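Asker: Here you go, my_file-v2.txt (compact mmCIF, C-alpha atoms):
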# COMPACT_ATOMS: atom_id res chain seq x y z
CA MET A 1 68.35 30.89 -110.28
CA GLN A 2 70.79 33.02 -112.22
CA ASP A 3 67.90 34.50 -114.17
CA LEU A 4 66.05 35.29 -111.00
CA LYS A 5 69.12 37.04 -109.66
CA SER A 6 69.34 39.21 -112.79
CA LEU A 7 65.67 40.08 -112.51
CA LYS A 8 66.10 40.99 -108.87
CA ILE A 9 68.92 43.33 -109.80
CA ILE A 10 66.88 44.95 -112.58
CA SER A 11 64.01 45.29 -110.16
CA ILE A 12 66.15 47.00 -107.52
CA LEU A 13 67.75 49.22 -110.15
CA SER A 14 64.36 50.40 -111.33
CA GLN A 15 63.55 51.79 -107.88
CA SER A 16 64.19 55.40 -106.98
CA LEU A 17 67.62 56.05 -105.49
CA PRO A 18 67.47 56.79 -101.76
CA ILE A 19 68.32 60.45 -101.08
CA THR A 20 71.08 59.88 -98.53
CA GLU A 21 74.82 60.45 -98.39
CA LYS A 22 75.76 57.05 -99.76
CA PRO A 23 72.77 55.96 -101.81
CA PHE A 24 74.62 53.46 -103.98
CA ARG A 25 75.95 51.63 -100.93
CA LEU A 26 72.39 51.10 -99.72
CA MET A 27 71.26 49.91 -103.13
CA ALA A 28 74.25 47.58 -103.46
CA GLU A 29 73.52 46.05 -100.05
CA ASN A 30 70.02 45.18 -101.24
CA MET A 31 71.55 43.38 -104.19
CA GLY A 32 74.15 41.59 -102.16
CA ILE A 33 77.05 43.15 -104.04
CA ASP A 34 79.50 45.84 -103.03
CA GLU A 35 79.16 49.48 -103.93
CA LYS A 36 82.14 49.57 -106.28
CA ARG A 37 80.73 46.68 -108.25
CA LEU A 38 77.34 48.39 -108.53
CA LEU A 39 78.84 51.65 -109.76
CA PHE A 40 80.94 49.74 -112.27
CA ASN A 41 77.88 47.80 -113.45
CA LEU A 42 75.83 50.97 -113.84
CA LYS A 43 78.49 52.49 -116.06
CA GLU A 44 78.61 49.29 -118.09
CA TYR A 45 74.82 49.27 -118.53
CA LYS A 46 75.03 52.84 -119.70
CA ARG A 47 77.81 52.03 -122.12
CA LYS A 48 75.83 49.08 -123.48
CA LYS A 49 72.74 51.28 -123.59
CA ILE A 50 70.70 48.90 -121.44
CA ILE A 51 70.25 51.99 -119.28
CA ARG A 52 69.48 55.02 -121.42
CA ARG A 53 70.49 57.43 -118.69
CA PHE A 54 70.83 57.76 -114.95
CA GLY A 55 69.37 60.82 -113.27
CA ALA A 56 66.26 62.68 -112.26
CA VAL A 57 62.93 62.27 -114.02
CA LEU A 58 60.98 65.49 -113.59
CA ASN A 59 57.25 66.12 -113.64
CA HIS A 60 57.02 68.27 -116.76
CA ARG A 61 53.79 70.00 -115.77
CA ARG A 62 55.21 71.00 -112.41
CA ILE A 63 58.32 72.56 -113.94
CA GLY A 64 56.07 74.75 -116.05
CA LEU A 65 55.40 72.77 -119.22
CA LYS A 66 51.65 72.94 -118.96
CA ALA A 67 50.61 72.53 -122.60
CA ASN A 68 51.27 69.09 -124.01
CA ALA A 69 50.10 67.30 -127.10
CA LEU A 70 50.52 64.10 -129.02
CA VAL A 71 50.94 65.21 -132.60
CA CYS A 72 50.75 62.58 -135.31
CA TRP A 73 52.05 63.12 -138.81
CA LYS A 74 51.49 61.38 -142.10
CA THR A 75 54.58 60.92 -144.22
CA LYS A 76 56.19 58.52 -146.66
CA ASP A 77 59.67 59.78 -145.91
CA VAL A 78 59.80 58.18 -142.51
CA ASP A 79 63.52 58.06 -141.74
CA LYS A 80 64.34 61.57 -142.87
CA ILE A 81 61.36 63.16 -141.13
CA GLY A 82 61.76 61.01 -138.01
CA LYS A 83 65.32 62.23 -137.59
CA ILE A 84 64.36 65.88 -138.02
CA LEU A 85 61.53 65.54 -135.51
CA ALA A 86 63.85 63.83 -133.02
CA SER A 87 66.20 66.81 -133.15
CA TYR A 88 63.67 69.21 -131.58
CA SER A 89 64.23 69.78 -127.86
CA GLU A 90 60.47 70.36 -127.42
CA ILE A 91 59.84 66.80 -128.65
CA SER A 92 60.45 64.16 -125.99
CA HIS A 93 59.18 61.11 -127.88
CA CYS A 94 59.11 60.26 -131.57
CA TYR A 95 57.89 56.85 -132.77
CA LEU A 96 56.99 55.19 -136.03
CA ARG A 97 53.76 53.24 -135.63
CA ARG A 98 51.49 51.13 -137.78
CA THR A 99 48.53 52.78 -139.52
CA TYR A 100 44.92 52.02 -140.39
CA PRO A 101 43.10 53.00 -143.62
CA PHE A 102 40.97 55.43 -141.59
CA TRP A 103 43.91 56.52 -139.40
CA PRO A 104 46.85 57.07 -141.75
CA TYR A 105 49.25 58.87 -139.40
CA ASN A 106 52.52 57.04 -138.88
CA LEU A 107 54.92 59.33 -136.97
CA TYR A 108 53.96 60.13 -133.38
CA THR A 109 55.53 62.94 -131.37
CA MET A 110 55.00 64.24 -127.84
CA ILE A 111 55.46 68.00 -127.83
CA HIS A 112 55.68 70.15 -124.69
CA ALA A 113 55.41 73.90 -124.11
CA GLU A 114 54.64 76.46 -121.43
CA ASN A 115 51.22 77.33 -122.80
CA LYS A 116 48.89 76.48 -125.62
CA SER A 117 49.81 79.39 -127.86
CA ASN A 118 53.53 78.52 -127.67
CA LEU A 119 52.68 74.89 -128.31
CA LEU A 120 50.75 75.81 -131.44
CA LYS A 121 53.58 78.05 -132.60
CA ILE A 122 56.07 75.19 -132.24
CA ILE A 123 53.80 72.75 -134.06
CA LYS A 124 53.27 75.19 -136.93
CA SER A 125 56.96 75.90 -137.27
CA ILE A 126 57.75 72.16 -137.27
CA SER A 127 55.09 71.55 -139.89
CA LYS A 128 56.57 74.26 -142.09
CA LYS A 129 60.08 72.91 -141.65
CA ILE A 130 59.20 69.31 -142.55
CA ARG A 131 56.56 70.43 -145.09
CA ILE A 132 53.92 68.14 -143.69
CA TYR A 133 50.50 69.70 -143.37
CA ASP A 134 48.59 66.49 -142.84
CA TYR A 135 48.83 66.10 -139.10
CA ARG A 136 46.62 65.88 -136.05
CA ILE A 137 47.01 67.60 -132.69
CA LEU A 138 45.76 65.58 -129.75
CA TYR A 139 45.99 67.80 -126.71
CA THR A 140 46.58 66.16 -123.36
CA LEU A 141 43.39 66.93 -121.42
CA LYS A 142 43.70 64.63 -118.47
CA GLU A 143 46.14 62.09 -117.08
CA PHE A 144 44.44 58.93 -115.84
CA LYS A 145 47.56 56.87 -115.38
CA LYS A 146 51.30 57.33 -115.55
CA LYS A 147 53.61 54.93 -113.89
CA ARG A 148 57.05 53.53 -114.23
CA GLN A 149 57.12 50.00 -115.51
CA ASN A 150 57.55 47.68 -112.56
CA LEU A 151 60.48 45.75 -113.91
CA GLY A 152 60.41 43.41 -110.95
CA LYS A 153 57.19 41.98 -112.29
CA ILE A 154 58.62 40.90 -115.61
CA LYS A 155 58.62 37.15 -115.45
CA ARG A 156 59.80 36.22 -118.88
CA VAL A 157 62.53 38.40 -120.22
CA LYS A 158 64.03 37.09 -123.44
CA ARG A 159 66.84 34.70 -122.67
CA ASN A 160 69.49 36.38 -124.78
CA GLU A 161 68.63 39.69 -123.15
CA ILE A 162 69.09 38.16 -119.73
CA TYR A 163 72.51 36.97 -120.78
CA ARG A 164 73.37 40.39 -122.07
CA ILE A 165 72.52 41.84 -118.69
CA LYS A 166 74.26 39.03 -116.84
CA GLU A 167 77.48 39.69 -118.69
CA VAL A 168 78.03 42.78 -116.65
CA ILE A 169 76.56 41.70 -113.32
CA MET B 1 57.21 78.28 -108.72
CA LEU B 2 60.85 77.39 -109.05
CA ASN B 3 63.65 79.83 -108.32
CA LYS B 4 66.80 80.07 -110.37
CA LYS B 5 68.89 77.95 -107.99
CA GLU B 6 66.28 75.20 -107.99
CA LYS B 7 66.21 75.20 -111.78
CA ILE B 8 70.00 74.81 -111.95
CA LEU B 9 69.86 71.98 -109.41
CA LEU B 10 67.12 70.20 -111.37
CA GLU B 11 69.05 70.51 -114.62
CA GLU B 12 72.13 69.01 -112.95
CA LEU B 13 70.13 66.14 -111.43
CA GLN B 14 68.56 65.49 -114.80
CA ASN B 15 71.58 65.82 -117.05
CA ASN B 16 74.75 65.28 -115.03
CA PHE B 17 74.06 62.91 -112.17
CA PRO B 18 77.41 61.56 -110.87
CA LEU B 19 77.75 57.80 -110.70
CA ARG B 20 80.02 58.03 -107.68
CA SER B 21 79.94 56.90 -104.09
CA ARG B 22 78.74 60.27 -102.76
CA PRO B 23 76.85 61.76 -105.69
CA PHE B 24 75.25 64.49 -103.61
CA LEU B 25 78.62 65.61 -102.28
CA ASP B 26 79.91 65.94 -105.85
CA LEU B 27 76.79 67.83 -106.90
CA ALA B 28 76.97 70.05 -103.81
CA LYS B 29 80.54 71.04 -104.66
CA ARG B 30 79.49 71.90 -108.19
CA LEU B 31 76.66 74.05 -106.89
CA ASN B 32 78.57 75.61 -104.02
CA LEU B 33 76.37 74.05 -101.35
CA LYS B 34 76.82 71.78 -98.37
CA GLU B 35 75.98 68.13 -98.98
CA LYS B 36 73.44 68.12 -96.13
CA ASP B 37 71.65 71.19 -97.47
CA LEU B 38 71.57 69.78 -100.98
CA ILE B 39 70.05 66.53 -99.73
CA LYS B 40 67.38 68.53 -97.90
CA LYS B 41 66.59 70.54 -101.03
CA ILE B 42 66.29 67.42 -103.15
CA ARG B 43 63.94 65.81 -100.62
CA VAL B 44 61.75 68.92 -100.71
CA LEU B 45 61.64 68.88 -104.52
CA LYS B 46 60.68 65.22 -104.39
CA ASN B 47 57.94 65.85 -101.85
CA ARG B 48 56.59 68.69 -103.97
CA GLY B 49 56.25 66.19 -106.80
CA ILE B 50 58.64 68.13 -109.02
CA ILE B 51 61.13 65.25 -109.06
CA ARG B 52 59.29 62.04 -109.89
CA TYR B 53 62.22 59.70 -109.63
CA ILE B 54 66.00 59.61 -109.46
CA GLY B 55 67.62 56.54 -110.90
CA ALA B 56 68.18 54.34 -113.90
CA VAL B 57 66.05 54.79 -116.98
CA PHE B 58 66.09 51.48 -118.83
CA ASP B 59 65.79 50.93 -122.54
CA LEU B 60 62.75 48.69 -122.28
CA LYS B 61 63.33 47.20 -125.71
CA LYS B 62 66.79 46.07 -124.66
CA ILE B 63 65.38 44.14 -121.74
CA GLY B 64 62.94 42.39 -124.01
CA LEU B 65 59.73 44.42 -123.76
CA LYS B 66 57.35 45.12 -126.65
CA SER B 67 55.15 48.17 -126.70
CA SER B 68 52.10 49.64 -128.31
CA LEU B 69 49.80 52.63 -128.15
CA ILE B 70 46.08 52.04 -128.19
CA ALA B 71 43.32 54.52 -128.92
CA LEU B 72 39.62 54.27 -128.15
CA SER B 73 36.63 56.39 -128.84
CA VAL B 74 34.68 56.57 -125.59
CA LYS B 75 31.46 58.47 -124.85
CA LYS B 76 31.60 60.85 -121.91
CA LYS B 77 28.97 58.92 -120.04
CA GLY B 78 30.90 55.65 -119.90
CA LEU B 79 34.35 57.19 -119.58
CA ASN B 80 35.01 56.49 -115.90
CA ARG B 81 34.10 52.84 -116.27
CA VAL B 82 36.35 52.38 -119.31
CA VAL B 83 39.25 54.20 -117.62
CA LYS B 84 38.93 51.92 -114.62
CA ILE B 85 39.04 48.80 -116.79
CA ILE B 86 42.06 49.99 -118.77
CA ASN B 87 44.00 51.18 -115.73
CA SER B 88 43.53 47.82 -114.04
CA TYR B 89 46.20 46.16 -116.20
CA PRO B 90 49.74 46.48 -114.82
CA GLU B 91 50.99 46.43 -118.45
CA ILE B 92 49.20 49.73 -119.13
CA THR B 93 51.76 52.39 -118.21
CA HIS B 94 50.08 55.60 -119.42
CA ASN B 95 46.48 56.55 -120.05
CA TYR B 96 45.37 60.00 -121.19
CA LEU B 97 42.24 61.82 -122.25
CA ARG B 98 42.93 63.67 -125.53
CA SER B 99 41.10 66.07 -127.80
CA ASP B 100 39.94 63.90 -130.68
CA LYS B 101 37.22 61.52 -131.77
CA PHE B 102 39.61 58.91 -130.47
CA ASN B 103 39.79 60.45 -127.02
CA LEU B 104 41.39 57.82 -124.81
CA TRP B 105 45.04 56.95 -125.47
CA ALA B 106 46.99 54.37 -123.49
CA THR B 107 50.40 52.76 -123.78
CA ILE B 108 51.03 49.08 -123.17
CA SER B 109 54.32 47.36 -122.60
CA ALA B 110 54.54 43.63 -122.16
CA ASN B 111 56.83 40.66 -122.69
CA SER B 112 55.44 39.83 -126.12
CA ASN B 113 53.24 41.15 -128.90
CA GLN B 114 51.02 38.16 -128.17
CA LYS B 115 50.46 39.40 -124.61
CA ILE B 116 49.63 42.89 -125.93
CA LEU B 117 47.03 41.41 -128.29
CA GLU B 118 45.55 39.41 -125.42
CA ILE B 119 45.18 42.52 -123.30
CA ILE B 120 43.52 44.44 -126.16
CA ARG B 121 41.14 41.55 -126.77
CA ASP B 122 40.31 41.49 -123.08
CA ILE B 123 39.74 45.26 -123.01
CA LYS B 124 37.41 44.96 -126.02
CA LYS B 125 35.44 42.27 -124.27
CA LYS B 126 35.14 44.11 -120.96
CA THR B 127 34.42 47.59 -122.36
CA LYS B 128 32.31 46.36 -125.29
CA ILE B 129 34.20 48.81 -127.48
CA LYS B 130 35.02 47.06 -130.74
CA ASN B 131 36.99 49.70 -132.54
CA ILE B 132 40.36 50.00 -130.79
CA LEU B 133 43.38 51.25 -132.70
CA ASN B 134 46.43 49.15 -131.92
CA LEU B 135 49.33 51.36 -133.00
CA LYS B 136 52.25 49.01 -132.57
CA THR B 137 55.68 50.58 -132.21
CA ILE B 138 57.72 49.93 -135.35
CA LYS B 139 60.67 52.21 -134.71
CA VAL B 140 61.79 54.55 -131.96
CA PHE B 141 63.41 57.77 -133.17
CA LYS B 142 63.57 59.41 -129.79
CA ILE B 143 62.80 58.85 -126.13
CA ASP B 144 64.28 61.57 -124.00
CA ALA B 145 62.13 63.02 -121.27
CA ARG B 146 64.78 65.51 -120.16
CA PHE B 147 63.24 68.92 -120.31
CA LYS B 148 64.57 72.41 -120.65
CA ILE B 149 63.14 74.12 -117.61
CA PRO B 150 61.28 77.27 -118.69
In structure tokens, how does this file's structure come out?

Answerer:
Amino acid sequence: MQDLKSLKIISILSQSLPITEKPFRLMAENMGIDEKRLLFNLKEYKRKKIIRRFGAVLNHRRIGLKANALVCWKTKDVDKIGKILASYSEISHCYLRRTYPFWPYNLYTMIHAENKSNLLKIIKSISKKIRIYDYRILYTLKEFKKKRQNLGKIKRVKRNEIYRIKEVI
Amino acid sequence: MLNKKEKILLEELQNNFPLRSRPFLDLAKRLNLKEKDLIKKIRVLKNRGIIRYIGAVFDLKKIGLKSSLIALSVKKKGLNRVVKIINSYPEITHNYLRSDKFNLWATISANSNQKILEIIRDIKKKTKIKNILNLKTIKVFKIDARFKIP
């Protein structure tokens, strides 16, 4: 039952905050805790990095970032290059992934710009900076799906993780 | 398009959201607005689809989720059918058409790597596409979808 309670709280926390004067009070009521407790918990989650941040998620195309690409790079110097790539504000995501003999790229970055020519300029300047010329640009042509993970549907969260979350509930 | 005031508001909502009882009152004070007017503005930005969501962004790894990126090479003719099959899994969170021989790219997050493999196997069976890249996440260097508003 305790686990279910934690999952319920995660599920409620992964819903959009109501845009009203006292949004946290409403959210806390749904969880059966008081507002102060919820605000305290949220700060704890942030401190423990269970929550990466709390705030607005914007639609990047609608704020004017219309040219987007997944750019994958091939490098042996993963940690050094990964850190440099992560430092660019135009890069929102940077992951190390497994490779295939016929697909040798290992670092994956999402890069965003106002238009295609700016996007290309950024990619070229990054390439020059990290001295990697073996890369592939995969422009985003169409979005078929984008959704927030429904955390309420997670049935089996690792036990130790549940306890970590429970600590602060 | 967005005016300057809207851009400042969006940056604040994105970067400095107050975890306080009346967050919109705090924000309104910062922006020299009335709480009621600010709330109205935010609702409009949400309805226009500029704000997708306001809330907690979880570290999915910390709550026990595994993730992968898969890539498929799909002919134009069968594309809609394949997209439908892939999108039908709740574990698929993103699915994009991209400019490459491998033209369909989707992300999966699930409770275990085993579950991810099961889904890929199932997709292979249903789409009859044998060659699917399963680009498992090994390390995350950055996830930060906070944007500088141009």

Asker: Tell me, as a PyMOL selection string, which residues lie within 10 Å of Ile81 in chain A, counting only C-alpha atoms; anything in the same chain fewer than 3 positions away does not count.

Answerer: (chain A and resi 73+75-78+84-86+107+129-132) or (chain B and resi 141)

Asker: Using all atoms listed in the file, find which residues of chain A lie within 6 Å of chain B and jot them down as JSON, numbers by chain.

Answerer: {"A": [16, 17, 21, 22, 50, 51, 52, 53, 54, 55, 56, 57, 58, 59, 62, 86, 92, 93, 94, 95, 96, 97, 98, 138, 139, 140, 141, 142, 143, 144, 145, 146, 147, 157, 158, 161]}

Asker: Report as a tab-separated table (two decimals) with C-alpha atoms, in the frame of the given file all protein, DNA and RNA residues lying within 10 Å of Tyr88 in chain A, evaluated on only C-alpha atoms, omitting residues in the same chain fewer than 6 positions from it.

Answerer:
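Wrote part-v4.tsv, looks like this:
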chain	number	residue	atom	x	y	z
A	111	ILE	CA	55.46	68.00	-127.83
A	122	ILE	CA	56.07	75.19	-132.24
A	126	ILE	CA	57.75	72.16	-137.27
B	142	LYS	CA	63.57	59.41	-129.79

Asker: What gap, in Å, lies between CA of Ser14 in chain A and CA of Arg148 in chain A?

Answerer: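 Straight-line distance from CA of Ser14 in chain A to CA of Arg148 in chain A works out to 8.5 Å.
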
Asker: Go ahead and compute the interatomic distance for CA of Ala67 in chain A and CA of Leu120 in chain A, in Å to one decimal.

Answerer: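 Straight-line distance from CA of Ala67 in chain A to CA of Leu120 in chain A works out to 9.4 Å.
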
Asker: So what do you get for CA of Asp79 in chain A versus CA of Ile91 in chain A, distance-wise?

Answerer: 16.2 Å

Asker: Go through A:Leu70, A:Lys83, A:Asp134, A:Asn41 and flag the residue nearest Tyr108 in chain A, using only C-alpha atoms for the distances.

Answerer: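 Selected residue with least distance to Tyr108 in chain A: A:Leu70.
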
Asker: Go through A:Lys116, A:Arg61, A:Lys74, A:Lys8 and flag the residue nearest Met31 in chain A, using all atoms listed in the file for the distances.

Answerer: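 Using all atoms listed in the file, Met31 in chain A sits closest to A:Lys8.
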